[in-house]
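Okay, structure first, notes after.
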Amino acid sequence: MTRTAVLALLARCGPLSRAQIAERLELSPATITASTRRLLAEGLLVEEEPRPSTTGRPSIPLALVPASAHAIGIQVAGEHVSGVIARLDAQVVHSFRRSFDPADPDAVDTLTTLIRREVDEAERRRLPLSGVGVAVPGIVEPETGTLRMSVRLGWTGMPLAARLRTALGVPVFVDNDISAVTAAERLYGPGADDADFLLVAIGQGIGLGMVLDGAPYRGAAGAAGEFGHLPILPDGPRCVCGNRGCLETQVSTESLLRDARAAGILSAESDLDDLDAAASRGDRGAVDLLDQAGVLLGRALAGAVNLLGPQTVVVMGEITALWRHLSEPFHRSLAMHLLPAGRETRIDVRDWDEELIAASAARIVLGAPLAAPRQKG
């Protein structure tokens, strides 16, 4: 994993000397020298001009060669597939979005065709390709890339990584969508400096990514993080998972729109912008609906913080479009239910980036030891 750490660090921080890399990663100089020697030989790193040093010999910064490797990142959602091509420095250089029906009997073949077009696009542009990362909603076995269950896609026991590898002839990595975002955050994002953080993504569903003692926690066979299915109401609405009263039935964007329409606050064609507008003009039904959602989310997250003790909780997803209405009841409820030791936990709410999941899938491939060596020619 030293390779992964070095590549991600340089993508995050820019050129650093071997000594600086060793210090920041808390690894021995010998380990870093051996790892960077291989990366230099592969053409992924380059030595820059020496920099004067006040303590002895000039230091030689090592920098990424951004165009030396690329990865394709794919997000598979309930109604669309989106994707990106990212360079070694994690910057996106190409993106796309296509409609998609996971219930179609030929859905996997359609997905394969969409990805093959991107592989062909990379080849046409002569971009060295390390592999493909695919992020899906559901429970994924990290070691095999088998999708054990996805309520959103309706797929069960799908050996997705194996099928895509065979069809495409390139390395393929498949993971849960929020797990991919969490791992990319640990490598490339602000969370890289936190040994313990939670990442809560709220949209149509609700997922929880966990980094504990510096490593992403996935649970047995990748089943951890189904935060949306935390039971909170014993007689609540039926959830897509088949149970009743899950957090997802009260706080997801899908459930908020459902309840707003049922209450006559919104019309059948209305969206989150309309719900935001209704609450902003003081519509009592909209204000109460979002207040209750904020209270429930704060209470549920307080339980997670009390249980796991993270330094930071990152909140993201489509829900952030409504955050100005959720923030006060959320923080009030969170503070009410936190243990004293958890009150130092930082809450980091981020605007939603539609490309984030696909970009995260690509970034995991770029840093992963399983990625193919740089293609020549």
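Chain identifiers are assigned as A, B, and so on, following the order in which chains appear in the structure tokens; residues are numbered from 1 within each chain, and ligands are numbered from 1 in order of appearance.
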
Next on the checklist: Which of stretch 216-329 of chain A end up as alpha helix (DSSP H) when DSSP is run on this backbone - answer as a PyMOL selection string?
Outcome noted: chain A and resi 248-251+253-262+272-280+284-308+323-329

Item to check | Residues within 12 Å of A:Glu121, only C-alpha atoms, excluding chain neighbours under 2 positions, as number ranges by chain | outcome: A: 70-72, 84-85, 93-96, 114-119, 123-129

Checklist entry - Would you give me, as a ChimeraX atom specification, the residues in stretch 169-359 of chain A that DSSP reads as strand (DSSP E or B)? => result /A:172-176,197-202,206-212,215-217,231,238,244,246,312-316,346-349

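Computed from the coordinates, the atom CA of A:Pro61 to atom CA of A:Ala19 distance equals 9.4 Å.
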
Item to check | Shell around A:Ile347 at 8 Å using only C-alpha atoms, local window under 6 positions removed, as a PyMOL selection string | outcome: chain A and resi 312-315

Set out as CSV a contact list for stretch 216-283 of chain A and stretch 188-198 of chain A with a cut-off of 12 Å, giving each residue of stretch 216-283 of chain A that qualifies its closest atom pair and distance in Å to one decimal, counting only C-alpha atoms, ordered by chain and rising residue number.
residue,atom,partner,partner_atom,distance
A:Pro216,CA,A:Asp196,CA,9.1
A:Tyr217,CA,A:Leu198,CA,10.1
A:Gly225,CA,A:Leu198,CA,9.8
A:Phe227,CA,A:Leu198,CA,11.1

Checklist entry - Can you tell me, as a ChimeraX atom specification, what residues are no more than 12 Å from stretch 49-54 of chain A when counting only C-alpha atoms, ignoring any on the same chain fewer than 6 positions away? => result /A:15-18,60-63

Checklist outcome for this item: Closest of A:Leu9, A:Met1, A:Ala215, A:Ile139 to A:Leu88, counting only C-alpha atoms, is A:Leu9

Checklist outcome for this item: Residue with the minimum atom-to-atom distance to A:Leu199, picked from A:Asp175, A:Asp348, A:Glu269, A:Glu47 with only C-alpha atoms counted, is A:Asp348

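Computed from the coordinates, the atom CA of A:Ala224 to atom CA of A:Arg186 distance equals 17.1 Å.
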
Item to check | Contacts of A:Arg244 within 8 Å, only C-alpha atoms, excl. fewer than 2 positions in-chain, as a list in words | outcome: Pro231, Leu233, Pro234, Asp235, Gly236, Pro237, Arg238, Cys239, Gly242 and Cys246 of chain A

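If you look at atom CA of A:Thr31 and atom CA of A:Thr4, they are 13.1 Å away from each other.
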
Checklist entry - If you count only C-alpha atoms, which residues fall within 7 Å of stretch 318-330 of chain A, apart from same-chain ones fewer than 3 positions away, as a PyMOL selection string? => result chain A and resi 202-203+253+276+290-291+294-295+297-298+333-334+351-352
